[in-house]
Amino acid sequence: MAWDRADGKSARSPSISYSDSYKSWRICRLDGHLAYDSTCEDEMPPTDREWHVYHKGVAPAPKVVIHYYDPRQPCPAPNVVFVLGGPGAGKGTMCELAEAQLGWTHLSTGDLLRTEREAGGSTATTIDQFMTDGKLVPNEIVVALLKNAMETVTKTTGKNNFLLDGFPRSLSNMEAWYEIFGREAELPKMLYFECPYAVLEQRILGRAKYTGRIDDNVESMKRRFDTFKVETLPTVELFKNNNKCIEIDTGQNRQAVYDLVVSNLAGYTDKELAAKPLTEKSEILLGLRPYPKK
């Protein structure tokens with residue numbers, strides 16, 4: 001296997017190649033001389049270790065990044081399924097299962113926002129204030145994080161199926177979505193996880209013992225649920241009116257909920273992945289085995 005340089009400046013083709021004789025990946029200079037190598041039998045050039053600097057190379061060795069799509073071209077449009085439901089409805093658990101067993105990429109707007117907040121970037125203070133108050137973070141921040149995350153995953157892994165957990169939380173979220181993907185694009189499908197408030201509250205308080213999240217408490221839970229009813233339910237109605245919403249009762253047992261998720265994602269799921277046995281992590285998420293003791 002071999003590749004040209006992404007910038008098109010390779011003096012010979014290929015500039016990155018695998019040597020069966022030396023069992024190593026090799027990077028050549030523009031004049032064709034060997035500059036860097038990495039001894040291994042990996043199927044793809046290693047991206048998780050430092051390459052050896054050869055006689056004609058200059059230290060430090062360049063970092064190798066594998067792009068599954070030409071980075072000079074626009075990123076292919078993602079295949080998206082929106083996942084909505086009240087706080088504690090089981091969105092995260094089911095999305096994790098779909099990621100582990102079905103090969104879908106789970107992107108949680110909450111996780112993206114929390115990561116951005118903890119990184120201390122330019123929007124960290126704004127995100128912290130809105131999340132603590134149980135309010136929706138401004139659209140431009142949420143959509144920018146989602147777009148960047150999807151493009152990064154697609155370009156560096158080749159995966160193009162995304163479950164957007166917690167998006168769109170409002171009709172204004174949808175307006176921001178239209179601005180990026182266009183109104184002429186087909187409206188994505190939505191999985192709406194429906195669950196009684198009493199069950200949601202019980203779940204939130206139960207997980208608060210383990211998550212350490214600042215918004216896992218009764219006061220934030222009430223504010224978040226009120227915000228969900230006012231801001232998010234109209235979005236659910238929009239998808240229902242367009243026959244794009246699949247309602248799933250998440251008050252039932254997790255295996256039944258997961259089976260419904262699998263059937264509704266089947267059209268875009270790799271059949272071999274769907275048929276593979278449950279991993280240990282998936283069995284834990286489904287409650288089929290206990291969480292490992294620390």
# chains A, B, ... in the order shown; residues from 1 in each chain; ligands from 1
>>> select_by_dssp(residues="stretch 32-267 of chain A", states="strand (DSSP E)", output="number ranges by chain")
A: 34-39, 52-53, 79-85, 105-108, 161-165, 189-194, 245-249
>>> residues_around(residues="A:Leu278", least_positions_apart="5", cutoff="12 Å", atoms="only C-alpha atoms", output="list of chain:residue names")
A:Leu97, A:Ala98, A:Glu99, A:Ala100, A:Gln101, A:Leu102, A:Gln255, A:Tyr258, A:Leu273, A:Glu283, A:Ile284, A:Leu285, A:Leu286, A:Leu288, A:Arg289
>>> write_last_selection(atoms="C-alpha atoms", output="PDB file, in the first residue's frame")
ATOM      1  CA  LEU A  97     -24.655   0.859  22.531  1.00  0.00           C
ATOM      2  CA  ALA A  98     -25.179   1.839  18.888  1.00  0.00           C
ATOM      3  CA  GLU A  99     -21.586   3.078  18.758  1.00  0.00           C
ATOM      4  CA  ALA A 100     -20.121  -0.046  20.364  1.00  0.00           C
ATOM      5  CA  GLN A 101     -22.225  -2.606  18.485  1.00  0.00           C
ATOM      6  CA  LEU A 102     -23.361  -0.988  15.250  1.00  0.00           C
ATOM      7  CA  GLN A 255     -33.107  -4.635  25.944  1.00  0.00           C
ATOM      8  CA  TYR A 258     -32.179  -1.266  22.293  1.00  0.00           C
ATOM      9  CA  LEU A 273     -21.426  -5.307  12.754  1.00  0.00           C
ATOM     10  CA  GLU A 283     -23.715  -6.210  28.291  1.00  0.00           C
ATOM     11  CA  ILE A 284     -22.975  -3.816  31.158  1.00  0.00           C
ATOM     12  CA  LEU A 285     -24.912  -1.008  29.463  1.00  0.00           C
ATOM     13  CA  LEU A 286     -27.863  -3.349  28.940  1.00  0.00           C
ATOM     14  CA  LEU A 288     -26.887  -8.027  31.659  1.00  0.00           C
ATOM     15  CA  ARG A 289     -23.809  -7.979  33.887  1.00  0.00           C
TER      16      ARG A 289
END
>>> closest_residue(among="A:Leu238, A:Ala256, A:Leu187, A:Leu164", to="A:Leu84", atoms="only C-alpha atoms")
A:Leu164
>>> residues_around(residues="stretch 38-40 of chain A", least_positions_apart="2", cutoff="12 Å", atoms="only C-alpha atoms", output="ChimeraX atom specification")
/A:16-27,34-36,42-54,61-62,64
>>> residues_around(residues="stretch 87-94 of chain A", least_positions_apart="2", cutoff="10 Å", atoms="only C-alpha atoms", output="PDB file with C-alpha atoms, in the first residue's frame")
ATOM      1  CA  VAL A  83     -31.804  11.685  19.206  1.00  0.00           C
ATOM      2  CA  LEU A  84     -33.997  13.621  21.627  1.00  0.00           C
ATOM      3  CA  GLY A  85     -35.650  12.995  24.977  1.00  0.00           C
ATOM      4  CA  GLU A  96     -23.233   4.280  23.377  1.00  0.00           C
ATOM      5  CA  LEU A  97     -24.655   0.859  22.531  1.00  0.00           C
ATOM      6  CA  ALA A  98     -25.179   1.839  18.888  1.00  0.00           C
ATOM      7  CA  GLU A  99     -21.586   3.078  18.758  1.00  0.00           C
ATOM      8  CA  ALA A 100     -20.121  -0.046  20.364  1.00  0.00           C
ATOM      9  CA  HIS A 106     -22.223   8.996  19.061  1.00  0.00           C
ATOM     10  CA  LEU A 107     -21.889  12.747  19.438  1.00  0.00           C
ATOM     11  CA  SER A 108     -23.458  14.220  22.561  1.00  0.00           C
ATOM     12  CA  GLY A 110     -23.754  17.885  26.305  1.00  0.00           C
ATOM     13  CA  ASP A 111     -20.400  16.080  26.229  1.00  0.00           C
ATOM     14  CA  LEU A 163     -26.209   9.905  16.221  1.00  0.00           C
ATOM     15  CA  LEU A 164     -26.575  13.476  17.482  1.00  0.00           C
ATOM     16  CA  ASP A 165     -27.557  13.090  21.118  1.00  0.00           C
ATOM     17  CA  GLY A 166     -29.459  16.127  22.388  1.00  0.00           C
ATOM     18  CA  LEU A 191     -35.508   9.073  17.495  1.00  0.00           C
ATOM     19  CA  TYR A 192     -37.582  10.563  20.306  1.00  0.00           C
ATOM     20  CA  PHE A 193     -37.161   8.850  23.679  1.00  0.00           C
ATOM     21  CA  GLU A 194     -40.318   9.350  25.698  1.00  0.00           C
ATOM     22  CA  CYS A 195     -40.322   8.724  29.453  1.00  0.00           C
ATOM     23  CA  PRO A 196     -42.496   9.852  32.439  1.00  0.00           C
ATOM     24  CA  TYR A 197     -41.044  12.667  34.554  1.00  0.00           C
ATOM     25  CA  VAL A 199     -38.847   7.950  36.074  1.00  0.00           C
ATOM     26  CA  LEU A 200     -36.533  10.632  34.656  1.00  0.00           C
ATOM     27  CA  GLU A 201     -36.068  12.197  38.099  1.00  0.00           C
ATOM     28  CA  GLN A 202     -35.317   8.832  39.676  1.00  0.00           C
ATOM     29  CA  ARG A 203     -32.680   8.066  37.034  1.00  0.00           C
ATOM     30  CA  ILE A 204     -31.007  11.469  37.301  1.00  0.00           C
ATOM     31  CA  LEU A 205     -30.704  11.259  41.073  1.00  0.00           C
ATOM     32  CA  GLY A 206     -29.435   7.697  40.780  1.00  0.00           C
ATOM     33  CA  ARG A 207     -26.657   8.558  38.362  1.00  0.00           C
ATOM     34  CA  ASP A 216     -27.397  16.262  38.202  1.00  0.00           C
ATOM     35  CA  MET A 221     -33.325  18.657  36.772  1.00  0.00           C
ATOM     36  CA  LYS A 222     -36.561  20.663  37.192  1.00  0.00           C
ATOM     37  CA  ARG A 224     -33.842  21.327  32.488  1.00  0.00           C
ATOM     38  CA  PHE A 225     -37.167  19.525  32.153  1.00  0.00           C
ATOM     39  CA  PHE A 228     -37.149  20.772  27.475  1.00  0.00           C
ATOM     40  CA  ASP A 249     -40.932   4.350  25.078  1.00  0.00           C
ATOM     41  CA  THR A 250     -37.800   4.262  27.247  1.00  0.00           C
ATOM     42  CA  GLY A 251     -39.776   3.442  30.381  1.00  0.00           C
ATOM     43  CA  ARG A 254     -33.248  -1.556  28.195  1.00  0.00           C
ATOM     44  CA  GLN A 255     -33.107  -4.635  25.944  1.00  0.00           C
ATOM     45  CA  VAL A 257     -35.464  -0.191  23.879  1.00  0.00           C
ATOM     46  CA  TYR A 258     -32.179  -1.266  22.293  1.00  0.00           C
ATOM     47  CA  ASP A 259     -33.964  -3.681  19.936  1.00  0.00           C
ATOM     48  CA  VAL A 261     -33.036   1.388  18.194  1.00  0.00           C
ATOM     49  CA  VAL A 262     -31.310  -1.385  16.204  1.00  0.00           C
ATOM     50  CA  SER A 282     -22.576  -3.528  25.858  1.00  0.00           C
ATOM     51  CA  LEU A 285     -24.912  -1.008  29.463  1.00  0.00           C
ATOM     52  CA  LEU A 286     -27.863  -3.349  28.940  1.00  0.00           C
TER      53      LEU A 286
END
>>> atom_distance(atom1="atom CA of A:Leu146", atom2="atom CA of A:Gly158")
16.7 Å
>>> select_by_dssp(residues="stretch 184-284 of chain A", states="alpha helix (DSSP H)", output="MDAnalysis selection string")
chainID A and resid 197:211 218:227 233:241 254:265 271:275 280:284
>>> closest_atom_pairs(of="stretch 66-164 of chain A", to="stretch 183-186 of chain A", cutoff="12 Å", atoms="only C-alpha atoms", output="tab-separated table")
residue	atom	partner	partner_atom	distance
A:Ala77	CA	A:Ala185	CA	10.0
A:Pro78	CA	A:Ala185	CA	11.3
A:Asn79	CA	A:Glu186	CA	10.4
A:Val80	CA	A:Glu186	CA	10.4
A:Val81	CA	A:Glu186	CA	11.6
>>> atom_distance(atom1="atom CA of A:Tyr68", atom2="atom CA of A:Lys155")
5.2 Å
>>> closest_residue(among="A:Lys56, A:Lys276, A:Lys281, A:Lys293", to="A:Asp37", atoms="only C-alpha atoms")
A:Lys56
>>> closest_residue(among="A:Gly121, A:Pro138, A:Gly57, A:Gly103", to="A:Arg169", atoms="only C-alpha atoms")
A:Pro138
>>> closest_residue(among="A:Gly86, A:Gly267, A:Pro76, A:Gly287", to="A:Thr154", atoms="only C-alpha atoms")
A:Pro76
>>> atom_distance(atom1="atom CA of A:Thr157", atom2="atom CA of A:Asn173")
26.8 Å
>>> closest_residue(among="A:Ala144, A:Val65, A:Val153, A:Leu30", to="A:Ile180", atoms="only C-alpha atoms")
A:Ala144
>>> decode(residues="stretch 29-63 of chain A", atoms="N, CA and C atoms", output="mmCIF file, in the first residue's frame")
data_model
loop_
_atom_site.group_PDB
_atom_site.id
_atom_site.type_symbol
_atom_site.label_atom_id
_atom_site.label_comp_id
_atom_site.auth_asym_id
_atom_site.auth_seq_id
_atom_site.Cartn_x
_atom_site.Cartn_y
_atom_site.Cartn_z
ATOM 1 N N ARG A 29 11.928 11.597 1.051
ATOM 2 C CA ARG A 29 12.030 13.029 0.764
ATOM 3 C C ARG A 29 11.552 13.284 -0.660
ATOM 4 N N LEU A 30 11.437 14.559 -1.011
ATOM 5 C CA LEU A 30 11.006 14.898 -2.358
ATOM 6 C C LEU A 30 11.978 14.406 -3.424
ATOM 7 N N ASP A 31 13.284 14.260 -3.047
ATOM 8 C CA ASP A 31 14.264 13.768 -4.033
ATOM 9 C C ASP A 31 14.328 12.240 -4.066
ATOM 10 N N GLY A 32 13.447 11.584 -3.287
ATOM 11 C CA GLY A 32 13.372 10.133 -3.334
ATOM 12 C C GLY A 32 14.169 9.420 -2.261
ATOM 13 N N HIS A 33 15.030 10.116 -1.512
ATOM 14 C CA HIS A 33 15.832 9.465 -0.477
ATOM 15 C C HIS A 33 14.980 9.143 0.751
ATOM 16 N N LEU A 34 15.237 7.999 1.371
ATOM 17 C CA LEU A 34 14.522 7.587 2.575
ATOM 18 C C LEU A 34 14.816 8.555 3.715
ATOM 19 N N ALA A 35 13.755 9.031 4.371
ATOM 20 C CA ALA A 35 13.927 10.005 5.447
ATOM 21 C C ALA A 35 13.464 9.486 6.798
ATOM 22 N N TYR A 36 12.377 8.714 6.824
ATOM 23 C CA TYR A 36 11.825 8.222 8.095
ATOM 24 C C TYR A 36 11.274 6.820 7.884
ATOM 25 N N ASP A 37 11.338 6.010 8.933
ATOM 26 C CA ASP A 37 10.716 4.688 8.847
ATOM 27 C C ASP A 37 10.156 4.276 10.201
ATOM 28 N N SER A 38 9.258 3.300 10.147
ATOM 29 C CA SER A 38 8.640 2.771 11.364
ATOM 30 C C SER A 38 8.469 1.278 11.175
ATOM 31 N N THR A 39 9.235 0.497 11.935
ATOM 32 C CA THR A 39 9.215 -0.956 11.797
ATOM 33 C C THR A 39 7.993 -1.540 12.501
ATOM 34 N N CYS A 40 7.104 -2.126 11.717
ATOM 35 C CA CYS A 40 5.897 -2.756 12.260
ATOM 36 C C CYS A 40 5.191 -3.445 11.105
ATOM 37 N N GLU A 41 4.175 -4.207 11.407
ATOM 38 C CA GLU A 41 3.382 -4.861 10.372
ATOM 39 C C GLU A 41 1.941 -4.356 10.410
ATOM 40 N N ASP A 42 1.754 -3.116 10.851
ATOM 41 C CA ASP A 42 0.422 -2.524 10.894
ATOM 42 C C ASP A 42 -0.150 -2.381 9.492
ATOM 43 N N GLU A 43 -1.448 -2.550 9.372
ATOM 44 C CA GLU A 43 -2.108 -2.463 8.071
ATOM 45 C C GLU A 43 -2.060 -1.053 7.500
ATOM 46 N N MET A 44 -2.082 -0.053 8.386
ATOM 47 C CA MET A 44 -2.013 1.343 7.961
ATOM 48 C C MET A 44 -0.794 2.003 8.598
ATOM 49 N N PRO A 45 -0.285 3.108 8.025
ATOM 50 C CA PRO A 45 0.867 3.789 8.634
ATOM 51 C C PRO A 45 0.563 4.168 10.078
ATOM 52 N N PRO A 46 1.464 3.881 11.014
ATOM 53 C CA PRO A 46 1.192 4.172 12.425
ATOM 54 C C PRO A 46 1.080 5.668 12.706
ATOM 55 N N THR A 47 0.059 6.029 13.436
ATOM 56 C CA THR A 47 -0.167 7.437 13.784
ATOM 57 C C THR A 47 -0.026 7.673 15.281
ATOM 58 N N ASP A 48 0.222 6.603 16.042
ATOM 59 C CA ASP A 48 0.242 6.705 17.499
ATOM 60 C C ASP A 48 1.644 6.583 18.082
ATOM 61 N N ARG A 49 2.672 6.696 17.256
ATOM 62 C CA ARG A 49 4.053 6.567 17.760
ATOM 63 C C ARG A 49 4.976 7.452 16.929
ATOM 64 N N GLU A 50 6.161 7.697 17.457
ATOM 65 C CA GLU A 50 7.136 8.540 16.757
ATOM 66 C C GLU A 50 7.918 7.707 15.758
ATOM 67 N N TRP A 51 8.097 8.237 14.553
ATOM 68 C CA TRP A 51 8.832 7.529 13.522
ATOM 69 C C TRP A 51 10.336 7.714 13.717
ATOM 70 N N HIS A 52 11.111 6.703 13.292
ATOM 71 C CA HIS A 52 12.567 6.758 13.358
ATOM 72 C C HIS A 52 13.088 7.699 12.273
ATOM 73 N N VAL A 53 14.014 8.588 12.652
ATOM 74 C CA VAL A 53 14.610 9.529 11.688
ATOM 75 C C VAL A 53 15.788 8.836 10.998
ATOM 76 N N TYR A 54 15.695 8.665 9.679
ATOM 77 C CA TYR A 54 16.717 7.970 8.918
ATOM 78 C C TYR A 54 17.827 8.956 8.521
ATOM 79 N N HIS A 55 18.838 8.466 7.811
ATOM 80 C CA HIS A 55 20.013 9.274 7.484
ATOM 81 C C HIS A 55 19.674 10.584 6.790
ATOM 82 N N LYS A 56 18.719 10.560 5.893
ATOM 83 C CA LYS A 56 18.387 11.749 5.118
ATOM 84 C C LYS A 56 17.236 12.557 5.740
ATOM 85 N N GLY A 57 16.781 12.143 6.889
ATOM 86 C CA GLY A 57 15.668 12.834 7.525
ATOM 87 C C GLY A 57 16.125 13.961 8.440
ATOM 88 N N VAL A 58 15.182 14.802 8.813
ATOM 89 C CA VAL A 58 15.447 15.913 9.734
ATOM 90 C C VAL A 58 14.541 15.757 10.944
ATOM 91 N N ALA A 59 15.144 15.709 12.118
ATOM 92 C CA ALA A 59 14.366 15.553 13.347
ATOM 93 C C ALA A 59 13.669 16.865 13.708
ATOM 94 N N PRO A 60 12.492 16.808 14.330
ATOM 95 C CA PRO A 60 11.749 15.589 14.642
ATOM 96 C C PRO A 60 10.990 15.078 13.425
ATOM 97 N N ALA A 61 10.631 13.799 13.460
ATOM 98 C CA ALA A 61 9.879 13.209 12.348
ATOM 99 C C ALA A 61 8.496 13.846 12.257
ATOM 100 N N PRO A 62 7.965 13.961 11.053
ATOM 101 C CA PRO A 62 6.629 14.559 10.914
ATOM 102 C C PRO A 62 5.562 13.669 11.535
ATOM 103 N N LYS A 63 4.460 14.280 11.957
ATOM 104 C CA LYS A 63 3.341 13.519 12.488
ATOM 105 C C LYS A 63 2.505 13.020 11.323
#
